[in-house]
>>> print(open('data37.cif').read())   # mmCIF, C-alpha atoms
data_run
loop_
_atom_site.label_atom_id
_atom_site.label_comp_id
_atom_site.auth_asym_id
_atom_site.auth_seq_id
_atom_site.Cartn_x
_atom_site.Cartn_y
_atom_site.Cartn_z
CA MET E 30 64.70 -12.59 33.02
CA MET E 31 63.25 -15.66 31.35
CA LYS E 32 60.02 -17.05 32.80
CA LYS E 33 59.37 -20.78 33.02
CA PHE E 34 55.91 -22.13 32.22
CA PHE E 35 56.33 -25.86 32.81
CA ALA E 36 58.42 -28.93 32.08
CA LEU E 37 57.43 -31.16 29.20
CA ALA E 38 56.11 -34.40 30.70
CA SER E 39 56.81 -36.34 27.51
CA ILE E 40 60.56 -36.35 28.14
CA SER E 41 60.68 -36.33 31.92
CA ALA E 42 61.97 -39.92 31.89
CA VAL E 43 65.06 -38.98 29.87
CA ALA E 44 67.00 -37.95 32.96
CA GLY E 45 66.86 -41.43 34.40
CA VAL E 46 68.89 -42.75 31.49
CA ILE E 47 71.84 -40.51 32.24
CA ALA E 48 71.71 -40.18 36.00
CA ALA E 49 75.07 -39.15 37.42
CA GLY E 50 75.49 -42.64 38.83
CA ALA E 51 75.67 -44.02 35.31
CA MET E 52 78.70 -41.92 34.44
CA VAL E 53 82.27 -43.10 34.60
CA GLY E 54 85.50 -41.14 34.57
CA CYS E 55 84.11 -37.75 33.60
CA SER E 56 85.77 -35.74 36.31
CA SER E 57 89.27 -34.44 35.71
CA ASP E 58 89.99 -34.34 39.44
CA THR E 59 92.81 -36.53 40.76
CA THR E 60 93.80 -37.53 44.27
CA ASN E 61 97.26 -37.77 45.76
CA SER E 62 96.44 -39.92 48.78
CA GLU E 63 98.77 -42.79 49.56
CA THR E 64 97.59 -45.85 51.45
CA THR E 65 99.26 -48.77 53.17
CA ASP E 66 98.51 -52.38 52.30
CA ALA E 67 95.99 -52.33 55.14
CA GLY E 68 94.17 -49.42 53.53
CA GLU E 69 95.21 -46.81 56.11
CA THR E 70 96.30 -43.35 55.02
CA THR E 71 99.98 -42.72 55.70
CA ASP E 72 101.18 -39.68 57.62
CA ALA E 73 102.78 -38.34 54.44
CA ALA E 74 99.44 -38.37 52.65
CA LYS E 75 97.32 -36.93 55.46
CA PRO E 76 96.09 -33.35 54.99
CA ASP E 77 97.95 -30.52 56.66
CA SER E 78 96.74 -29.47 60.10
CA GLY E 79 95.59 -26.17 58.64
CA LYS E 80 98.05 -24.00 60.57
CA GLY E 81 99.03 -20.78 58.87
CA LYS E 82 102.44 -19.20 58.70
CA ASP E 83 102.45 -18.30 62.37
CA GLY E 84 101.65 -21.87 63.37
CA GLY E 85 104.41 -23.36 61.30
CA GLY E 86 102.10 -25.02 58.79
CA VAL E 87 101.47 -24.38 55.10
CA ASP E 88 98.98 -21.73 54.01
CA ALA E 89 95.75 -23.33 52.80
CA GLN E 90 95.12 -22.68 49.12
CA PRO E 91 91.60 -21.56 48.18
CA GLU E 92 89.60 -23.92 45.98
CA PRO E 93 89.04 -22.65 42.41
CA THR E 94 85.57 -21.18 41.89
CA ILE E 95 85.73 -20.28 38.19
CA GLU E 96 83.72 -22.55 35.89
CA GLU E 97 85.31 -23.87 32.69
CA LYS E 98 82.43 -22.75 30.45
CA THR E 99 83.27 -25.60 28.06
CA VAL E 100 80.02 -27.59 28.26
CA GLY E 101 78.90 -28.20 24.66
CA LYS E 102 82.40 -27.99 23.16
CA GLU E 103 83.35 -30.91 20.90
CA CYS E 104 85.95 -33.16 22.50
CA THR E 105 87.83 -36.44 22.35
CA THR E 106 89.39 -36.45 25.83
CA ASN E 107 88.72 -34.87 29.23
CA ALA E 108 91.66 -32.54 28.63
CA ASP E 109 89.66 -30.83 25.86
CA CYS E 110 87.17 -29.72 28.51
CA GLU E 111 89.63 -28.44 31.11
CA VAL E 112 90.67 -24.84 31.73
CA ALA E 113 93.62 -23.82 33.88
CA ASN E 114 92.73 -22.58 37.38
CA ALA E 115 89.06 -23.54 36.94
CA VAL E 116 86.94 -25.86 39.07
CA GLY E 117 87.94 -28.94 37.08
CA ASP E 118 84.60 -30.75 36.99
CA ASN E 119 83.98 -30.88 33.23
CA GLY E 120 84.74 -33.97 31.17
CA CYS E 121 84.18 -35.47 27.73
CA SER E 122 81.07 -37.54 27.06
CA MET E 123 83.18 -39.91 24.94
CA GLY E 124 83.67 -42.97 27.13
CA GLY E 125 81.89 -41.15 29.95
CA PHE E 126 78.93 -43.50 30.43
CA LYS E 127 78.70 -47.16 31.33
CA GLY E 128 76.52 -48.10 28.37
CA GLY E 129 78.40 -46.18 25.71
CA ASP E 130 79.08 -42.66 24.48
CA LEU E 131 75.36 -41.79 24.14
CA PHE E 132 76.19 -38.69 22.08
CA GLY E 133 76.98 -39.24 18.41
CA THR E 134 79.19 -36.16 18.50
CA PRO E 135 81.19 -36.22 21.78
CA VAL E 136 80.90 -33.01 23.80
CA CYS E 137 82.02 -31.62 27.13
CA ILE E 138 79.54 -32.14 29.97
CA GLN E 139 79.52 -31.64 33.74
CA GLU E 140 78.73 -34.58 36.00
CA ALA E 141 76.69 -32.75 38.64
CA CYS E 142 74.64 -29.57 38.96
CA THR E 143 71.68 -28.16 40.88
CA PRO E 144 68.47 -28.06 38.79
CA ALA E 145 65.91 -25.27 38.83
CA GLY E 146 63.19 -25.54 41.45
CA ALA E 147 59.47 -25.60 40.69
CA ASN E 148 59.10 -21.85 41.29
CA ASP E 149 62.43 -20.69 39.84
CA THR E 150 62.93 -18.74 36.65
CA LEU E 151 64.64 -20.52 33.76
CA ASP E 152 67.92 -18.78 34.52
CA LYS E 153 68.32 -21.17 37.46
CA ALA E 154 68.39 -24.11 35.05
CA PHE E 155 71.64 -22.95 33.44
CA CYS E 156 74.98 -24.39 34.57
CA ASP E 157 78.72 -24.15 33.90
CA ASP E 158 78.18 -20.39 34.23
CA GLY E 159 76.07 -20.18 31.09
CA PRO E 160 76.57 -22.76 28.32
CA GLY E 161 74.97 -25.70 30.14
CA PHE E 162 71.44 -26.86 30.99
CA CYS E 163 70.97 -28.76 34.26
CA LEU E 164 68.85 -31.79 33.39
CA PRO E 165 67.25 -33.02 36.64
CA ASN E 166 67.58 -36.63 37.73
CA SER E 167 66.02 -35.83 41.11
CA ALA E 168 64.61 -32.77 42.87
CA SER E 169 68.08 -31.70 44.03
CA THR E 170 70.59 -33.14 41.56
CA GLY E 171 71.16 -33.12 37.83
CA ILE E 172 73.70 -33.45 35.04
CA CYS E 173 74.94 -30.42 33.08
CA LEU E 174 74.45 -30.89 29.32
CA PRO E 175 74.85 -28.40 26.45
CA LEU E 176 72.15 -25.71 26.52
CA CYS E 177 69.98 -25.06 23.47
CA VAL E 178 67.00 -22.81 22.73
CA TYR E 179 64.57 -22.56 19.82
CA GLY E 180 61.31 -20.87 18.92
CA SER E 181 58.71 -21.25 16.18
CA ASP E 182 61.03 -19.93 13.49
CA LYS E 183 64.64 -20.74 14.33
CA ILE E 184 67.18 -22.47 16.54
CA GLU E 185 69.12 -19.89 18.53
CA ASP E 186 72.91 -19.74 18.19
CA PRO E 187 75.16 -21.54 18.88
CA GLY E 188 72.94 -24.58 18.37
CA CYS E 189 74.19 -28.12 18.96
CA ALA E 190 77.52 -29.64 17.97
CA GLY E 191 77.73 -32.06 15.05
CA GLY E 192 74.81 -34.46 14.79
CA ASN E 193 73.40 -33.76 18.27
CA LYS E 194 69.92 -32.20 18.32
CA CYS E 195 68.04 -29.87 20.64
CA GLN E 196 65.62 -31.64 22.98
CA ALA E 197 63.04 -29.29 24.51
CA TYR E 198 62.57 -29.64 28.27
CA TYR E 199 61.02 -26.39 29.52
CA ILE E 200 58.65 -24.00 27.81
CA GLY E 201 59.43 -20.39 28.67
CA SER E 202 59.09 -16.83 27.48
CA ASP E 203 61.24 -13.75 27.17
CA SER E 204 61.12 -10.51 25.21
CA SER E 205 61.24 -12.45 21.92
CA GLY E 206 58.21 -14.60 22.73
CA THR E 207 57.69 -18.27 23.57
CA VAL E 208 60.72 -20.54 23.35
CA ALA E 209 61.66 -24.14 24.04
CA VAL E 210 64.64 -24.43 26.38
CA GLY E 211 66.48 -27.69 26.77
CA PHE E 212 69.64 -29.64 26.09
CA CYS E 213 71.57 -30.87 23.08
CA SER E 214 70.76 -34.56 22.94
CA TRP E 215 72.00 -37.75 21.29
CA ALA E 216 70.22 -38.25 17.98
CA CYS E 217 71.95 -40.93 15.91
CA GLN E 218 70.01 -42.44 13.02
CA ALA E 219 72.65 -44.95 11.92
CA ASP E 220 75.92 -46.46 13.19
CA THR E 221 77.88 -43.99 11.05
CA ASP E 222 76.49 -41.15 13.18
CA CYS E 223 78.46 -42.43 16.20
CA LYS E 224 81.68 -40.42 15.84
CA GLY E 225 83.23 -41.13 19.25
CA THR E 226 84.59 -44.39 20.62
CA PRO E 227 85.27 -46.86 17.77
CA GLY E 228 82.74 -49.67 17.52
CA GLN E 229 79.77 -47.80 18.98
CA LYS E 230 76.39 -48.73 17.49
CA CYS E 231 73.24 -46.66 17.13
CA GLN E 232 70.18 -47.66 19.16
CA LYS E 233 67.78 -46.14 16.65
CA GLU E 234 64.80 -46.21 19.00
CA THR E 235 66.53 -43.79 21.41
CA GLY E 236 69.18 -42.14 19.21
CA MET E 237 71.90 -43.25 21.64
CA CYS E 238 75.33 -44.52 20.62
CA LEU E 239 75.93 -47.66 22.68
CA THR E 240 78.49 -50.41 23.06
CA ALA E 241 75.83 -53.12 22.75
CA PRO E 242 72.38 -51.95 21.56
CA THR E 243 69.32 -53.98 22.53
CA ALA E 244 67.55 -56.02 19.85
CA TYR E 245 63.98 -55.11 20.75
CA THR E 246 61.21 -57.61 20.07
CA LYS E 247 58.46 -55.03 19.41
CA LYS E 248 57.96 -52.06 17.09
CA LEU E 249 56.70 -48.50 17.40
CA GLY E 250 52.98 -48.56 18.27
CA ASP E 251 52.97 -52.02 19.85
CA SER E 252 51.65 -52.45 23.38
CA CYS E 253 54.20 -52.72 26.17
CA ALA E 254 54.50 -52.79 29.95
CA ASP E 255 56.42 -50.55 32.34
CA PRO E 256 60.13 -51.51 32.03
CA SER E 257 60.30 -52.10 35.79
CA THR E 258 58.22 -55.24 35.23
CA SER E 259 60.98 -56.70 33.04
CA THR E 260 64.59 -55.92 33.91
CA PRO E 261 66.13 -55.25 31.51
CA SER E 262 63.20 -54.77 29.15
CA THR E 263 63.76 -56.27 25.72
CA GLU E 264 60.32 -55.30 24.39
CA CYS E 265 60.98 -51.70 23.36
CA GLU E 266 61.37 -48.19 24.70
CA CYS E 267 58.02 -48.11 26.50
CA ASN E 268 56.15 -44.84 26.99
CA THR E 269 53.78 -45.68 29.85
CA VAL E 270 50.60 -44.03 31.12
CA GLY E 271 51.99 -43.64 34.64
CA GLY E 272 50.13 -41.96 37.48
CA THR E 273 47.81 -43.93 39.73
CA SER E 274 45.17 -45.23 37.31
CA ALA E 275 44.54 -48.88 36.51
CA ASP E 276 46.45 -48.32 33.25
CA LYS E 277 49.57 -46.91 34.92
CA LEU E 278 51.86 -49.80 33.87
CA LYS E 279 50.52 -49.99 30.31
CA GLY E 280 52.14 -48.16 27.44
CA VAL E 281 53.08 -47.87 23.80
CA CYS E 282 56.44 -48.62 22.17
CA SER E 283 58.14 -45.35 21.22
CA HIS E 284 60.80 -44.21 18.75
CA GLN E 285 62.92 -41.05 18.57
CA CYS E 286 63.20 -38.94 15.43
CA ILE E 287 64.46 -35.65 14.04
CA THR E 288 61.72 -33.26 12.93
CA GLY E 289 61.22 -32.75 9.21
CA ALA E 290 60.41 -34.88 6.19
CA ALA E 291 63.20 -37.37 6.91
CA GLY E 292 61.96 -37.82 10.48
CA ASP E 293 58.40 -38.42 9.27
CA ALA E 294 59.75 -41.13 6.96
CA VAL E 295 61.61 -42.77 9.86
CA CYS E 296 58.41 -42.86 11.92
CA ALA E 297 56.29 -44.18 9.06
CA ALA E 298 58.76 -47.02 8.50
CA ALA E 299 59.09 -47.83 12.20
CA GLY E 300 55.37 -47.85 13.00
CA THR E 301 52.92 -50.73 12.95
CA ASP E 302 49.93 -48.62 11.91
CA THR E 303 49.17 -48.01 8.23
CA ALA E 304 47.91 -44.49 9.04
CA GLY E 305 51.53 -43.32 9.09
CA TRP E 306 53.28 -42.15 12.23
CA LYS E 307 54.98 -38.74 12.12
CA CYS E 308 57.74 -36.91 13.99
CA THR E 309 56.62 -34.27 16.50
CA THR E 310 57.97 -32.19 19.36
CA LYS E 311 54.47 -31.98 20.89
CA LEU E 312 54.98 -28.31 21.71
CA PRO E 313 51.83 -26.43 22.79
CA THR E 314 49.98 -23.90 20.66
CA LYS E 315 48.93 -21.99 23.80
CA ASP E 316 50.77 -21.15 27.02
CA SER E 317 49.53 -21.71 30.57
CA LYS E 318 47.44 -18.50 30.38
CA GLY E 319 45.79 -19.36 27.08
CA ASN E 320 47.94 -17.01 25.01
CA ALA E 321 49.42 -18.04 21.67
CA ALA E 322 52.63 -20.05 22.12
CA PHE E 323 54.25 -22.00 19.27
CA THR E 324 52.83 -21.21 15.85
CA LYS E 325 54.60 -24.04 14.02
CA GLN E 326 57.13 -26.82 14.43
CA ILE E 327 60.63 -26.21 13.10
CA ASP E 328 62.79 -28.85 11.42
CA ASN E 329 66.03 -30.42 12.66
CA VAL E 330 65.28 -30.73 16.39
CA ALA E 331 64.74 -33.81 18.55
CA GLY E 332 61.25 -35.26 18.44
CA THR E 333 59.27 -38.43 19.02
CA CYS E 334 57.09 -40.48 16.69
CA ALA E 335 53.33 -40.11 17.22
CA LEU E 336 50.13 -41.16 15.48
CA PRO E 337 48.33 -38.26 13.72
CA CYS E 338 44.60 -37.76 14.29
CA LYS E 339 41.74 -35.41 13.48
CA VAL E 340 39.26 -36.57 16.11
CA ALA E 341 39.41 -38.86 19.16
CA ALA E 342 37.87 -41.71 17.17
CA ASP E 343 41.07 -41.85 15.09
CA CYS E 344 42.86 -43.07 18.24
CA THR E 345 40.34 -45.79 19.15
CA ALA E 346 42.07 -48.65 17.35
CA LEU E 347 45.41 -47.85 18.99
CA SER E 348 43.79 -47.49 22.43
CA THR E 349 42.16 -50.90 22.02
CA SER E 350 45.40 -52.57 20.93
CA LEU E 351 47.12 -51.16 24.03
CA GLY E 352 44.37 -52.52 26.29
CA LEU E 353 43.60 -49.12 27.82
CA SER E 354 40.53 -48.75 30.01
CA THR E 355 40.64 -44.98 29.45
CA PRO E 356 41.01 -44.20 25.72
CA MET E 357 43.66 -41.99 24.16
CA THR E 358 42.71 -38.44 23.24
CA CYS E 359 43.39 -36.41 20.11
CA GLU E 360 45.31 -33.28 21.09
CA GLU E 361 46.51 -30.32 19.05
CA PHE E 362 50.20 -29.37 19.04
CA ALA E 363 52.29 -26.96 17.00
CA GLY E 364 53.14 -29.71 14.52
CA GLY E 365 49.59 -31.03 14.15
CA SER E 366 47.16 -33.15 16.17
CA PHE E 367 48.29 -36.48 17.62
CA CYS E 368 46.96 -39.32 19.76
CA GLN E 369 47.93 -38.82 23.39
CA LEU E 370 48.01 -41.33 26.25
CA PRO E 371 45.48 -40.58 29.04
#
>>> encode(input="data37.cif", output="structure tokens")
Amino acid sequence: MMKKFFALASISAVAGVIAAGAMVGCSSDTTNSETTDAGETTDAAKPDSGKGKDGGGVDAQPEPTIEEKTVGKECTTNADCEVANAVGDNGCSMGGFKGGDLFGTPVCIQEACTPAGANDTLDKAFCDDGPGFCLPNSASTGICLPLCVYGSDKIEDPGCAGGNKCQAYYIGSDSSGTVAVGFCSWACQADTDCKGTPGQKCQKETGMCLTAPTAYTKKLGDSCADPSTSTPSTECECNTVGGTSADKLKGVCSHQCITGAAGDAVCAAAGTDTAGWKCTTKLPTKDSKGNAAFTKQIDNVAGTCALPCKVAADCTALSTSLGLSTPMTCEEFAGGSFCQLP
């Protein structure tokens, strides 16, 4: 049994981007109802009365309960995700969202699932009978995306399809030690990484393949305001302080990256600070009980750009530029120490 320590607050906003309501046409279910011009269901299309053989009706057929177990499989159509006599609720991410494909490498996903509760073990976060991770978009609903797991030394098999990368969501432990458990995420770095619907473009700040990316007016490290104050926000992908403090609507422009030397170069080029932003997963060095957790940061997983620091004073200039009344802190993570919003 895998124990869950906590969810990573730094990516808790991800779910809002792909809430089930933003999906289109992912289900393979079809309906056979016929309606009149007035919108009324005809007698021929109405369901059977439910009578069995003795009552002269047709025996009711049980609904399939077997999951497809195809979440994470590469696909080009919904048919690639279907399995005969299964539930029929898996579909292809290609063309499955209103804004675009999101994933650079299209994969099978499941539109709805039940996420793990606050006191559940990590096993409850799995969906599609194993290969999926239920990313919450509320306390009771989520979307089933490809599951991935990694530790301090390696990414566990089977990993993520194509150019998609593992985004940590929960920190947990099992017999092998501390691991990051999450979902295979979009991670494009250029338009050529968008392998699905023709014409998709890479929104480099988020790694999403979109039909029409936003031309942001600000860069990584610039000050920004909560996106709800500007709909849609054209400033940047804003990582806000949140909470209830006076600074709750203030934030810093963010940028996604893939850990490793190439990701560090992306962050350095995207940032406004000459100190050189780097790519980090911000995974903890200690667990909730103070025991050793992650000993180092591995390459080739989803991360975010952050400003390195040695002491809190290294974050003062950035705090001032953001207009924060409570300054940023310098916190240690497995990939080094970085400035952290209050």
>>> resolve_selection(input="data37.cif", expression="the PyMOL selection byres ((chain E and resi 104) around 9)", output="list in words")
Gly101, Lys102, Glu103, Thr105, Thr106, Asn107, Ala108, Asp109, Cys110, Gly120, Cys121, Ser122, Met123, Thr134, Pro135, Val136 and Cys137 of chain E
>>> atom_distance(input="data37.cif", atom1="CA of Thr143 in chain E", atom2="CA of Cys213 in chain E")
18.0 Å
>>> resolve_selection(input="data37.cif", expression="the PyMOL selection byres ((chain E and resi 185) around 12)", output="PyMOL selection string")
chain E and resi 176-184+186-189+195+205+208-211+327+330
>>> residues_around(input="data37.cif", residues="Ile287 in chain E", least_positions_apart="2", cutoff="6 Å", atoms="only C-alpha atoms", output="list of chain:residue names")
E:Gly292, E:Asn329, E:Val330, E:Ala331, E:Gly332
>>> resolve_selection(input="data37.cif", expression="the PyMOL selection byres ((chain E and resi 307-311) around 8)", output="JSON, numbers by chain")
{"E": [197, 286, 287, 288, 289, 292, 293, 294, 296, 297, 305, 306, 312, 313, 326, 331, 332, 333, 334, 335, 336, 337, 362, 363, 364]}
>>> residues_around(input="data37.cif", residues="Ala321 in chain E", least_positions_apart="5", cutoff="10 Å", atoms="all atoms listed in the file", output="PDB file with C-alpha atoms, in the coordinates of the input")
ATOM      1  CA  GLY E 206      58.210 -14.600  22.730  1.00  0.00           C
ATOM      2  CA  THR E 207      57.690 -18.270  23.570  1.00  0.00           C
ATOM      3  CA  PRO E 313      51.830 -26.430  22.790  1.00  0.00           C
ATOM      4  CA  THR E 314      49.980 -23.900  20.660  1.00  0.00           C
ATOM      5  CA  LYS E 315      48.930 -21.990  23.800  1.00  0.00           C
ATOM      6  CA  ASP E 316      50.770 -21.150  27.020  1.00  0.00           C
TER       7      ASP E 316
END
>>> atom_distance(input="data37.cif", atom1="CA of Asn119 in chain E", atom2="CA of Gly159 in chain E")
13.5 Å
>>> atom_distance(input="data37.cif", atom1="CA of Leu351 in chain E", atom2="CA of Gly250 in chain E")
8.6 Å
>>> residues_near_point(input="data37.cif", point="(70.1, -55.6, 21.6)", cutoff="12 Å", atoms="only C-alpha atoms", output="JSON, numbers by chain")
{"E": [128, 230, 231, 232, 233, 234, 239, 240, 241, 242, 243, 244, 245, 246, 247, 261, 262, 263, 264, 265, 266]}
>>> residues_near_point(input="data37.cif", point="(82.2, -38.5, 16.5)", cutoff="8 Å", atoms="all atoms listed in the file", output="PDB file with C-alpha atoms, in the frame of the given file")
ATOM      1  CA  GLY E 133      76.980 -39.240  18.410  1.00  0.00           C
ATOM      2  CA  THR E 134      79.190 -36.160  18.500  1.00  0.00           C
ATOM      3  CA  PRO E 135      81.190 -36.220  21.780  1.00  0.00           C
ATOM      4  CA  GLY E 191      77.730 -32.060  15.050  1.00  0.00           C
ATOM      5  CA  ASP E 222      76.490 -41.150  13.180  1.00  0.00           C
ATOM      6  CA  CYS E 223      78.460 -42.430  16.200  1.00  0.00           C
ATOM      7  CA  LYS E 224      81.680 -40.420  15.840  1.00  0.00           C
ATOM      8  CA  GLY E 225      83.230 -41.130  19.250  1.00  0.00           C
ATOM      9  CA  THR E 226      84.590 -44.390  20.620  1.00  0.00           C
TER      10      THR E 226
END
>>> closest_residue(input="data37.cif", among="E:Ile200, E:Cys156, E:Ala219, E:Leu131", to="Ala322 in chain E", atoms="all atoms listed in the file")
E:Ile200
